[in-house]
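A.B. asks: Dropping in structure17.cif, with mmCIF, C-alpha atoms and all ligand atoms.
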```cif
data_final
#
loop_
_atom_site.label_atom_id
_atom_site.label_comp_id
_atom_site.auth_asym_id
_atom_site.auth_seq_id
_atom_site.Cartn_x
_atom_site.Cartn_y
_atom_site.Cartn_z
CA MET V 7 -7.33 13.67 -16.77
CA THR V 8 -8.71 10.17 -16.35
CA ALA V 9 -7.39 7.65 -18.85
CA GLY V 10 -9.62 6.78 -21.83
CA THR V 11 -9.87 3.79 -24.17
CA ARG V 12 -6.89 4.84 -26.30
CA ASP V 13 -4.71 5.22 -23.21
CA ILE V 14 -5.74 1.75 -22.06
CA GLU V 15 -4.82 0.24 -25.46
CA LYS V 16 -1.50 2.05 -25.41
CA ALA V 17 -0.76 0.87 -21.87
CA ALA V 18 -1.61 -2.75 -22.79
CA GLY V 19 0.83 -2.44 -25.71
CA VAL V 20 3.57 -1.16 -23.40
CA LEU V 21 3.02 -4.16 -21.10
CA ARG V 22 3.16 -6.57 -24.06
CA ALA V 23 6.44 -5.00 -25.15
CA GLY V 24 7.96 -5.61 -21.69
CA GLY V 25 7.56 -2.01 -20.50
CA LEU V 26 6.44 -0.53 -17.18
CA VAL V 27 3.02 1.08 -16.73
CA ALA V 28 1.93 2.99 -13.62
CA LEU V 29 -1.72 2.20 -13.00
CA PRO V 30 -4.33 3.51 -10.58
CA THR V 31 -5.97 1.08 -8.18
CA GLU V 32 -8.50 1.79 -5.43
CA THR V 33 -5.69 1.51 -2.82
CA VAL V 34 -2.56 3.18 -4.23
CA TYR V 35 -0.92 3.51 -7.67
CA GLY V 36 0.97 0.42 -8.81
CA LEU V 37 4.06 0.04 -11.00
CA GLY V 38 2.94 -2.67 -13.40
CA ALA V 39 4.70 -5.16 -15.66
CA ASP V 40 3.75 -8.37 -17.48
CA ALA V 41 3.89 -10.98 -14.70
CA GLU V 42 5.07 -13.63 -17.17
CA ASN V 43 8.01 -11.62 -18.50
CA PRO V 44 10.96 -12.09 -16.08
CA ALA V 45 12.97 -9.24 -17.67
CA ALA V 46 10.07 -6.81 -17.25
CA VAL V 47 9.55 -7.98 -13.67
CA SER V 48 13.25 -7.41 -12.94
CA ARG V 49 12.92 -3.84 -14.23
CA ILE V 50 10.34 -3.18 -11.49
CA PHE V 51 12.86 -4.07 -8.77
CA HIS V 52 15.53 -1.99 -10.44
CA THR V 53 13.24 1.04 -10.86
CA LYS V 54 12.02 0.94 -7.26
CA GLY V 55 15.41 0.14 -5.78
CA ARG V 56 13.70 -2.81 -4.13
CA PRO V 57 15.60 -5.96 -3.10
CA PRO V 58 14.66 -8.79 -5.51
CA SER V 59 13.78 -11.05 -2.57
CA HIS V 60 10.66 -8.91 -1.84
CA PRO V 61 7.73 -10.65 -3.57
CA LEU V 62 5.21 -8.80 -5.74
CA ILE V 63 1.42 -8.96 -6.07
CA VAL V 64 -0.04 -10.34 -9.32
CA HIS V 65 -3.14 -8.36 -10.36
CA LEU V 66 -5.88 -10.20 -12.24
CA SER V 67 -9.01 -8.99 -14.06
CA GLY V 68 -11.40 -11.29 -12.19
CA ALA V 69 -11.75 -14.11 -9.68
CA GLY V 70 -12.37 -16.44 -12.65
CA GLN V 71 -8.64 -16.19 -13.49
CA LEU V 72 -7.55 -17.41 -10.07
CA ASP V 73 -7.12 -21.06 -11.04
CA ASP V 74 -4.79 -20.08 -13.92
CA TRP V 75 -2.32 -18.48 -11.54
CA VAL V 76 -2.29 -20.50 -8.33
CA ALA V 77 -1.74 -24.21 -7.75
CA ASP V 78 -4.49 -24.75 -5.23
CA VAL V 79 -7.48 -22.74 -4.04
CA PRO V 80 -8.63 -23.78 -0.55
CA GLU V 81 -12.34 -23.25 0.22
CA THR V 82 -11.57 -20.30 2.50
CA ALA V 83 -9.65 -18.51 -0.24
CA ARG V 84 -12.51 -19.12 -2.69
CA LEU V 85 -14.95 -17.61 -0.19
CA LEU V 86 -12.80 -14.52 0.42
CA ALA V 87 -12.25 -13.98 -3.30
CA GLU V 88 -15.98 -14.22 -4.00
CA ARG V 89 -16.85 -11.86 -1.20
CA PHE V 90 -14.13 -9.19 -1.51
CA TRP V 91 -13.02 -9.08 -5.19
CA PRO V 92 -12.76 -6.75 -6.90
CA GLY V 93 -11.40 -4.99 -3.81
CA PRO V 94 -8.49 -4.22 -1.50
CA LEU V 95 -7.75 -7.81 -0.49
CA THR V 96 -4.65 -9.78 -1.52
CA LEU V 97 -4.56 -13.55 -1.08
CA VAL V 98 -1.30 -15.47 -0.67
CA LEU V 99 -1.69 -18.92 -2.22
CA ARG V 100 0.50 -21.67 -3.67
CA ARG V 101 2.29 -20.50 -6.81
CA GLY V 102 1.02 -21.75 -10.16
CA THR V 103 3.52 -22.66 -12.89
CA ARG V 104 2.60 -19.51 -14.85
CA VAL V 105 4.16 -17.29 -12.20
CA PRO V 106 7.93 -16.85 -12.61
CA LEU V 107 10.06 -17.04 -9.47
CA GLU V 108 11.26 -13.48 -10.22
CA ALA V 109 7.78 -12.24 -9.26
CA THR V 110 7.63 -14.15 -5.97
CA GLY V 111 11.15 -13.43 -4.76
CA GLY V 112 11.85 -17.14 -5.11
CA LEU V 113 8.88 -18.21 -2.95
CA GLU V 114 6.59 -21.13 -3.75
CA THR V 115 3.61 -18.94 -2.85
CA VAL V 116 2.17 -16.03 -4.82
CA ALA V 117 0.14 -12.98 -3.80
CA VAL V 118 -2.87 -12.24 -6.05
CA ARG V 119 -5.62 -9.66 -6.12
CA VAL V 120 -8.36 -8.16 -8.32
CA PRO V 121 -8.33 -4.37 -7.90
CA ALA V 122 -11.57 -2.37 -7.77
CA HIS V 123 -10.68 0.48 -10.08
CA PRO V 124 -12.28 0.85 -13.51
CA VAL V 125 -9.01 1.91 -15.18
CA ALA V 126 -7.05 -0.99 -13.63
CA LEU V 127 -9.76 -3.47 -14.61
CA ALA V 128 -9.94 -2.10 -18.16
CA LEU V 129 -6.15 -2.45 -18.50
CA LEU V 130 -6.14 -5.98 -17.06
CA SER V 131 -8.93 -7.03 -19.45
CA ALA V 132 -7.27 -5.43 -22.49
CA PHE V 133 -3.90 -6.98 -21.60
CA GLY V 134 -5.38 -10.37 -20.81
CA GLY V 135 -2.59 -11.64 -18.55
CA GLY V 136 -1.51 -10.98 -15.01
CA VAL V 137 0.19 -7.71 -14.04
CA THR V 138 2.74 -7.66 -11.22
CA ALA V 139 2.57 -4.31 -9.47
CA PRO V 140 4.11 -3.08 -6.28
CA SER V 141 3.23 0.43 -5.12
CA ALA V 142 4.73 2.92 -7.60
CA ASN V 143 7.22 4.56 -5.22
CA ARG V 144 10.91 4.15 -4.44
CA PHE V 145 11.55 1.37 -1.94
CA GLY V 146 10.72 2.42 1.63
CA SER V 147 9.04 5.71 0.78
CA VAL V 148 5.41 6.86 0.82
CA SER V 149 3.03 5.14 -1.62
CA PRO V 150 1.52 7.35 -4.36
CA THR V 151 -2.20 8.05 -4.36
CA THR V 152 -2.32 10.31 -7.44
CA ALA V 153 -0.73 10.15 -10.91
CA GLN V 154 1.15 13.37 -10.03
CA HIS V 155 2.81 11.61 -7.08
CA VAL V 156 4.02 8.87 -9.46
CA ARG V 157 5.37 11.33 -12.01
CA ALA V 158 7.12 13.38 -9.31
CA GLU V 159 8.78 10.30 -7.80
CA LEU V 160 9.53 8.03 -10.77
CA GLY V 161 9.46 10.40 -13.76
CA ASP V 162 10.97 8.91 -16.91
CA ALA V 163 11.69 5.57 -15.24
CA VAL V 164 8.07 4.61 -16.07
CA ASP V 165 7.14 4.11 -19.74
CA PHE V 166 3.52 5.19 -19.35
CA VAL V 167 1.36 6.58 -16.54
CA LEU V 168 -2.38 5.91 -16.55
CA ASP V 169 -4.20 8.64 -14.65
CA GLY V 170 -7.23 7.43 -12.70
CA GLY V 171 -7.60 10.32 -10.27
CA SER V 172 -7.10 10.07 -6.51
CA CYS V 173 -7.19 6.61 -4.95
CA GLU V 174 -10.43 6.00 -3.09
CA VAL V 175 -9.07 3.81 -0.25
CA GLY V 176 -5.62 5.38 0.14
CA VAL V 177 -3.81 2.58 2.00
CA GLU V 178 -2.64 -0.70 0.48
CA SER V 179 -4.62 -3.92 0.30
CA THR V 180 -5.01 -6.27 3.24
CA ILE V 181 -2.80 -9.32 2.70
CA VAL V 182 -4.15 -12.66 3.92
CA ASP V 183 -2.14 -15.84 3.92
CA ALA V 184 -4.74 -18.33 2.71
CA THR V 185 -2.41 -21.26 2.03
CA GLY V 186 -3.22 -23.15 5.22
CA GLU V 187 -6.23 -24.19 7.27
CA THR V 188 -6.17 -21.01 9.34
CA PRO V 189 -5.95 -17.78 7.36
CA ALA V 190 -3.78 -15.04 8.86
CA ILE V 191 -3.46 -11.33 8.16
CA LEU V 192 0.08 -10.54 6.98
CA ARG V 193 -0.57 -6.82 6.42
CA PRO V 194 -3.63 -4.87 7.56
CA GLY V 195 -5.16 -2.76 4.78
CA GLY V 196 -8.27 -1.63 2.96
CA VAL V 197 -10.46 -4.62 3.90
CA THR V 198 -10.90 -4.52 7.65
CA ARG V 199 -10.14 -7.35 10.02
CA GLU V 200 -13.75 -7.10 11.27
CA ASP V 201 -15.13 -7.59 7.72
CA LEU V 202 -12.90 -10.63 7.16
CA GLU V 203 -13.84 -12.14 10.51
CA ALA V 204 -17.55 -11.64 9.81
CA VAL V 205 -17.27 -13.57 6.55
CA LEU V 206 -15.05 -16.32 7.96
CA GLY V 207 -16.89 -16.66 11.26
CA ARG V 208 -13.63 -16.79 13.21
CA THR V 209 -11.06 -14.44 14.69
CA LEU V 210 -7.91 -13.74 12.73
CA ALA V 211 -4.32 -13.32 13.86
CA VAL V 212 -2.74 -9.98 12.90
CA PRO V 213 1.00 -9.32 12.68
CA SER V 214 2.61 -8.69 16.03
CA THR V 215 4.05 -5.34 14.88
CA SER V 216 0.53 -3.93 15.06
CA HIS V 217 0.59 -4.46 18.81
CA VAL V 218 4.05 -3.16 19.55
CA ARG V 219 3.65 0.23 21.14
CA VAL V 220 7.27 1.26 21.12
CA PRO V 221 8.23 2.99 17.91
CA GLY V 222 11.73 2.18 16.82
CA GLN V 223 11.46 -1.58 16.52
CA HIS V 224 10.29 -1.69 12.92
CA PRO V 225 12.43 -0.90 9.96
CA SER V 226 11.19 2.25 8.34
CA HIS V 227 8.78 1.87 5.42
CA TYR V 228 6.00 4.02 3.99
CA ALA V 229 8.21 6.84 5.28
CA PRO V 230 8.39 10.52 4.33
CA ARG V 231 11.72 12.39 4.40
CA ALA V 232 10.79 14.02 7.71
CA ARG V 233 11.26 11.91 10.83
CA VAL V 234 7.93 10.73 12.25
CA VAL V 235 7.43 10.71 16.04
CA LEU V 236 4.33 9.16 17.60
CA VAL V 237 2.92 10.56 20.84
CA GLU V 238 -0.30 10.25 22.85
CA PRO V 239 -3.15 12.19 21.19
CA GLY V 240 -3.40 14.58 24.16
CA LYS V 241 0.29 15.47 23.86
CA VAL V 242 0.47 16.31 20.15
CA VAL V 243 0.21 20.08 20.61
CA ALA V 244 2.67 20.33 23.52
CA GLU V 245 5.26 18.02 21.89
CA ALA V 246 5.04 19.89 18.60
CA GLN V 247 5.55 23.20 20.36
CA LEU V 248 8.55 21.90 22.29
CA ALA V 249 10.24 20.49 19.18
CA GLN V 250 9.57 23.71 17.27
CA GLU V 251 11.15 25.71 20.10
CA LEU V 252 14.17 23.40 19.95
CA GLY V 253 14.68 24.46 16.34
CA HIS V 254 12.88 21.77 14.35
CA ARG V 255 10.58 22.56 11.45
CA VAL V 256 7.65 20.64 12.86
CA GLY V 257 4.71 19.23 10.93
CA VAL V 258 1.68 18.23 13.02
CA PHE V 259 -1.06 15.66 12.49
CA LEU V 260 -3.67 17.48 14.57
CA PRO V 261 -6.61 15.28 15.67
CA ALA V 262 -9.97 16.56 14.39
CA SER V 263 -11.11 16.95 18.01
CA LEU V 264 -8.46 19.67 18.40
CA ALA V 265 -9.20 21.44 15.09
CA GLY V 266 -8.68 25.17 15.42
CA THR V 267 -6.33 24.88 18.41
CA PRO V 268 -3.44 27.25 17.85
CA VAL V 269 -0.26 25.20 17.41
CA LYS V 270 3.23 26.60 17.28
CA ALA V 271 4.58 24.57 14.37
CA HIS V 272 5.88 24.90 10.82
CA ALA V 273 2.84 23.23 9.21
CA VAL V 274 -0.37 21.64 10.46
CA VAL V 275 -2.63 19.01 8.89
CA THR V 276 -5.95 18.39 10.63
CA VAL V 277 -6.68 14.66 10.35
CA PRO V 278 -10.34 13.80 9.83
CA ASP V 279 -12.41 11.88 12.38
CA SER V 280 -13.67 9.49 9.72
CA LEU V 281 -11.17 6.64 9.37
CA ALA V 282 -12.04 6.23 5.69
CA ALA V 283 -11.20 9.90 5.06
CA TYR V 284 -8.04 9.59 7.17
CA ALA V 285 -6.86 6.52 5.21
CA ARG V 286 -7.64 8.26 1.91
CA GLY V 287 -5.61 11.30 2.93
CA LEU V 288 -2.77 9.70 4.93
CA TYR V 289 -0.02 9.47 2.30
CA GLY V 290 -0.99 12.84 0.85
CA TYR V 291 -0.58 14.46 4.31
CA LEU V 292 2.89 12.94 4.72
CA ARG V 293 3.88 14.23 1.27
CA GLU V 294 2.37 17.64 2.02
CA LEU V 295 4.41 18.06 5.22
CA ASP V 296 7.58 16.94 3.40
CA HIS V 297 6.82 19.44 0.68
CA ALA V 298 6.34 22.19 3.27
CA GLY V 299 9.93 21.55 4.39
CA CYS V 300 9.21 19.89 7.75
CA ASP V 301 12.02 17.81 9.25
CA LEU V 302 9.90 16.31 12.02
CA ILE V 303 6.29 15.11 12.02
CA ILE V 304 4.40 14.70 15.31
CA ALA V 305 1.39 12.38 15.08
CA SER V 306 -0.68 10.05 17.25
CA LEU V 307 -2.19 6.67 16.48
CA PRO V 308 -5.92 6.19 15.88
CA ALA V 309 -7.78 3.43 17.74
CA GLU V 310 -6.92 0.16 16.01
CA GLU V 311 -10.39 -0.74 14.84
CA GLY V 312 -11.63 -0.90 11.29
CA LEU V 313 -9.31 1.05 8.99
CA GLY V 314 -7.56 2.38 12.12
CA LEU V 315 -5.55 -0.87 12.18
CA ALA V 316 -4.02 -0.17 8.75
CA ILE V 317 -3.47 3.54 9.48
CA ALA V 318 -1.69 2.76 12.77
CA ASN V 319 0.42 0.08 11.04
CA ARG V 320 1.60 2.56 8.37
CA LEU V 321 2.30 5.31 10.91
CA ARG V 322 4.38 2.92 13.04
CA ARG V 323 6.33 1.80 10.01
CA ALA V 324 6.86 5.43 8.98
CA ALA V 325 8.21 6.12 12.49
CA GLY V 326 10.53 3.08 12.45
CA PRO V 327 14.32 3.33 12.36
CA ARG V 328 15.73 4.37 9.00
CA THR V 329 17.54 1.61 7.14
CA THR V 330 19.61 1.79 4.01
CA VAL V 331 18.69 -1.62 2.56
O1 LIG V 401 -2.81 -2.28 -2.49
C1 LIG V 401 -1.81 -2.92 -2.82
O2 LIG V 401 -1.58 -4.07 -2.40
C2 LIG V 401 -0.84 -2.25 -3.80
C3 LIG V 401 -1.57 -2.06 -5.13
C4 LIG V 401 -0.67 -1.49 -6.20
O3 LIG V 401 -2.15 -3.27 -5.53
N1 LIG V 401 0.35 -3.01 -3.96
C5 LIG V 401 1.28 -3.12 -2.98
O4 LIG V 401 2.39 -3.83 -3.38
O5 LIG V 401 1.17 -2.63 -1.89
P1 LIG V 401 3.76 -3.83 -2.57
O6 LIG V 401 4.72 -4.57 -3.43
O7 LIG V 401 4.13 -2.45 -2.19
O8 LIG V 401 3.45 -4.70 -1.33
C6 LIG V 401 3.20 -6.08 -1.52
C7 LIG V 401 3.41 -6.83 -0.25
C8 LIG V 401 4.86 -6.88 0.18
O9 LIG V 401 4.94 -6.50 1.54
C9 LIG V 401 5.23 -8.35 0.02
O10 LIG V 401 6.13 -8.76 0.99
C10 LIG V 401 3.89 -9.04 0.17
O11 LIG V 401 3.00 -8.17 -0.48
N2 LIG V 401 3.87 -10.32 -0.56
C11 LIG V 401 3.89 -10.52 -1.88
N3 LIG V 401 3.94 -11.83 -2.20
C12 LIG V 401 3.96 -12.49 -1.03
C13 LIG V 401 4.01 -13.88 -0.67
N4 LIG V 401 4.07 -14.81 -1.60
N5 LIG V 401 4.01 -14.17 0.63
C14 LIG V 401 3.96 -13.21 1.58
N6 LIG V 401 3.91 -11.89 1.31
C15 LIG V 401 3.91 -11.53 0.03
MG MG V 402 4.80 -0.73 -1.24
#
```
Can the structure from this file be put into structure tokens for me?
C.D. replies:
Amino acid sequence: MTAGTRDIEKAAGVLRAGGLVALPTETVYGLGADAENPAAVSRIFHTKGRPPSHPLIVHLSGAGQLDDWVADVPETARLLAERFWPGPLTLVLRRGTRVPLEATGGLETVAVRVPAHPVALALLSAFGGGVTAPSANRFGSVSPTTAQHVRAELGDAVDFVLDGGSCEVGVESTIVDATGETPAILRPGGVTREDLEAVLGRTLAVPSTSHVRVPGQHPSHYAPRARVVLVEPGKVVAEAQLAQELGHRVGVFLPASLAGTPVKAHAVVTVPDSLAAYARGLYGYLRELDHAGCDLIIASLPAEEGLGLAIANRLRRAAGPRTTV
């Protein structure tokens, strides 16, 4: 059930007391703590099993708070904040003195965003301060897009879970480094490259990993338990069949164009044509195939336009080599 006013008050109290609150955002669920409480921030890293050098995003209730949290707001950053907040855009800017180094992994920059979810915004307003929140999953695994995912993965390690239903966007925010003259995309996400370029009137660099075709060069992240193998869209059915015959329990991401095609596999998810629907469902599909007991997932990449850029980025990372960091 969606959180009400009393839940919001309770959650704000937990944050004030240095506790951890899982909160819904439009992208994925976050694991939140008071950004100005170093002990609470450290608990996030401990709970996720995340190395403390990995910086967190500070969530704010509105663009009006920006100047309280960062040292300098270049014109470009101001423009992007005005245009895309609240929304799935994170800006990396110079760290303000309010932000402890624990939250930035020791960096002199800080990532900030204003989420577009009524429950998140209500919590941020009731709390008043900034809330550091990585995705509410164990380090390296699939991000949660429902409160049930959070409870299943983190259980009692979280002091309070705010339920805000299923996340509307389904993949994480787009991260833009806005510290310099030329903004750059550090992670593709819910705000598309095309939308950013239209507002800025210039083309943007995207991380090189988005262009690398060979899976296996990126450390695994956003990964289910099952191994993910990426193949050409036209080969999904044949590859799945072959792997199943070789004894794997195969899960298939079947392109919508092939819906209804009989596939010899353990479990099949038909991925929608609409990129927005695909992004919304992506992490749920990976969880579903894990849950079905698959040990191998055969998928293909969508065209890297619009939200397809973020989907392809997450699939490549899911297919990357497994690390034990
Ligand atoms: O949609 C989202 O962004 C979600 C929701 C909960 O807001 N949060 C999220 O957080 O995805 P997390 O911690 O899973 O990913 C944050 C990313 C990390 O890859 C981190 O390296 C990057 O943001 N980041 C944070 N601060 C940074 C900084 N100062 N410079 C460069 N990258 C930074
Ligand atoms: Mg994450």
A.B. asks: Tell me, in Å to one decimal, how far CA of Pro44 (chain V) is from atom C8 of ligand LIG 401 (chain V).
C.D. replies: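 Calculated distance between CA of Pro44 (chain V) and atom C8 of ligand LIG 401 (chain V) is 18.1 Å.
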A.B. asks: Using only C-alpha atoms and all ligand atoms, which protein or nucleic acid residues are at most 7 Å from ligand LIG 401 (chain V), as a PyMOL selection string?
C.D. replies: chain V and resi 31+33-37+60-63+94+96+98+110+113+115-117+121+139-141+177-181+192
A.B. asks: Write out as a list in words each polymer residue whose atoms come within 8 Å of region 72-87 of chain V, counting only C-alpha atoms; drop sequence neighbours fewer than 3 positions from it.
C.D. replies: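 Surrounding residues, per the criterion: Leu66, Gly68, Ala69, Phe90, Trp91, Leu97, Leu99, Arg100, Arg101, Gly102, Thr103, Arg104, Val105, Val116, Ala184, Thr185, Gly186, Pro189, Leu202, Val205 and Leu206 of chain V.
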A.B. asks: With only C-alpha atoms and all ligand atoms counted and 8 Å as the cut-off, give the residues of chain V in contact with ligand MG 402 (chain V), each with its shortest interatomic distance in Å and the pair that gives it, as CSV.
C.D. replies:
```
residue,atom,partner,partner_atom,distance
V:Pro140,CA,V:MG402,MG,5.6
V:Ser141,CA,V:MG402,MG,4.3
V:Ala142,CA,V:MG402,MG,7.3
V:Asn143,CA,V:MG402,MG,7.0
V:Phe145,CA,V:MG402,MG,7.1
V:Gly146,CA,V:MG402,MG,7.3
V:Ser147,CA,V:MG402,MG,8.0
V:Val148,CA,V:MG402,MG,7.9
V:Ser149,CA,V:MG402,MG,6.1
V:Glu178,CA,V:MG402,MG,7.6
V:Tyr228,CA,V:MG402,MG,7.2
```
A.B. asks: Using only C-alpha atoms, please write the residues we just selected to a file, as a PDB file, in the coordinates of the input.
C.D. replies:
```pdb
ATOM      1  CA  PRO V 140       4.110  -3.080  -6.280  1.00  0.00           C
ATOM      2  CA  SER V 141       3.230   0.430  -5.120  1.00  0.00           C
ATOM      3  CA  ALA V 142       4.730   2.920  -7.600  1.00  0.00           C
ATOM      4  CA  ASN V 143       7.220   4.560  -5.220  1.00  0.00           C
ATOM      5  CA  PHE V 145      11.550   1.370  -1.940  1.00  0.00           C
ATOM      6  CA  GLY V 146      10.720   2.420   1.630  1.00  0.00           C
ATOM      7  CA  SER V 147       9.040   5.710   0.780  1.00  0.00           C
ATOM      8  CA  VAL V 148       5.410   6.860   0.820  1.00  0.00           C
ATOM      9  CA  SER V 149       3.030   5.140  -1.620  1.00  0.00           C
ATOM     10  CA  GLU V 178      -2.640  -0.700   0.480  1.00  0.00           C
ATOM     11  CA  TYR V 228       6.000   4.020   3.990  1.00  0.00           C
TER      12      TYR V 228
END
```
A.B. asks: Using only C-alpha atoms, find the one residue out of V:Glu15, V:Asp201, V:Asp169, V:Glu174 that sits nearest to Arg89 (chain V).
C.D. replies: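 Going through V:Glu15, V:Asp201, V:Asp169, V:Glu174 one by one, the smallest distance to Arg89 (chain V) is for V:Asp201.
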A.B. asks: Need to verify the contact set: Phe133 (chain V), 8 Å, all atoms listed in the file, exclusion of same-chain residues closer than 3 positions in sequence. Can you return it as number ranges by chain?
C.D. replies: V: 18-19, 21-22, 129-130
A.B. asks: I'd like to know which of V:Val258, V:Ala316, V:Ile14, V:Ala244 is closest to Leu292 (chain V), using only C-alpha atoms.
C.D. replies: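 Among the listed residues, V:Val258 lies closest to Leu292 (chain V).
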A.B. asks: Kindly indicate which residue among V:Ala28, V:Ala229, V:Ile303, V:Ala158 lies nearest to Gly326 (chain V), using all atoms listed in the file for the distances.
C.D. replies: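 Going through V:Ala28, V:Ala229, V:Ile303, V:Ala158 one by one, the smallest distance to Gly326 (chain V) is for V:Ala229.
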A.B. asks: Which one of V:Leu252, V:Leu281, V:Val243, V:Ala232 sits closest to Ala298 (chain V) if you count only C-alpha atoms?
C.D. replies: V:Ala232
A.B. asks: Between CA of Ser263 (chain V) and CA of Asp279 (chain V), what is the distance in Å, rounded to a tenth?
C.D. replies: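 About the pair CA of Ser263 (chain V) and CA of Asp279 (chain V): they are 7.7 Å apart.
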A.B. asks: Between CA of Val47 (chain V) and CA of Ser67 (chain V), what is the distance, to one decimal in Å?
C.D. replies: 18.6 Å
A.B. asks: Tell me which protein, DNA and RNA residues are within 10 Å of Asp40 (chain V), counting only C-alpha atoms, leaving out same-chain ones fewer than 5 positions away, and put them as a PyMOL selection string.
C.D. replies: chain V and resi 18+20-27+45-47+64-65+109+133-139
A.B. asks: Of the residues V:Leu210, V:Leu29, V:Cys173, V:Val242, which is the one nearest to Gly290 (chain V), using only C-alpha atoms?
C.D. replies: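 Nearest to Gly290 (chain V): V:Cys173.
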A.B. asks: Kindly provide, as a PDB file with C-alpha atoms, keeping the file's coordinate frame, the polymer residues lying within 7 Å of (-4.4, 20.8, 13.4), counting only C-alpha atoms and using the coordinates exactly as they appear in the file.
C.D. replies:
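And here's selection-v5.pdb as it stands now:
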```
ATOM      1  CA  VAL V 258       1.680  18.230  13.020  1.00  0.00           C
ATOM      2  CA  PHE V 259      -1.060  15.660  12.490  1.00  0.00           C
ATOM      3  CA  LEU V 260      -3.670  17.480  14.570  1.00  0.00           C
ATOM      4  CA  PRO V 261      -6.610  15.280  15.670  1.00  0.00           C
ATOM      5  CA  LEU V 264      -8.460  19.670  18.400  1.00  0.00           C
ATOM      6  CA  ALA V 265      -9.200  21.440  15.090  1.00  0.00           C
ATOM      7  CA  GLY V 266      -8.680  25.170  15.420  1.00  0.00           C
ATOM      8  CA  THR V 267      -6.330  24.880  18.410  1.00  0.00           C
ATOM      9  CA  VAL V 274      -0.370  21.640  10.460  1.00  0.00           C
ATOM     10  CA  VAL V 275      -2.630  19.010   8.890  1.00  0.00           C
ATOM     11  CA  THR V 276      -5.950  18.390  10.630  1.00  0.00           C
TER      12      THR V 276
END
```
A.B. asks: Residues near Ala122 (chain V), anyone? I mean within 7 Å using all atoms listed in the file, not counting same-chain ones fewer than 3 positions away, as a ChimeraX atom specification.
C.D. replies: /V:31-32,92-93
A.B. asks: Near Ala190 (chain V), within 7 Å and counting all atoms listed in the file, which residues show up once chain neighbours fewer than 5 positions away are dropped, as a tab-separated table (two decimals) with C-alpha atoms, in the frame of the given file?
C.D. replies:
```tsv
chain	number	residue	atom	x	y	z
V	182	VAL	CA	-4.15	-12.66	3.92
V	183	ASP	CA	-2.14	-15.84	3.92
V	210	LEU	CA	-7.91	-13.74	12.73
V	211	ALA	CA	-4.32	-13.32	13.86
V	212	VAL	CA	-2.74	-9.98	12.90
```
A.B. asks: Which residue, V:Arg144, V:Arg233, V:Lys270, V:Arg255, has the smallest gap to Pro57 (chain V) when you use all atoms listed in the file?
C.D. replies: V:Arg144
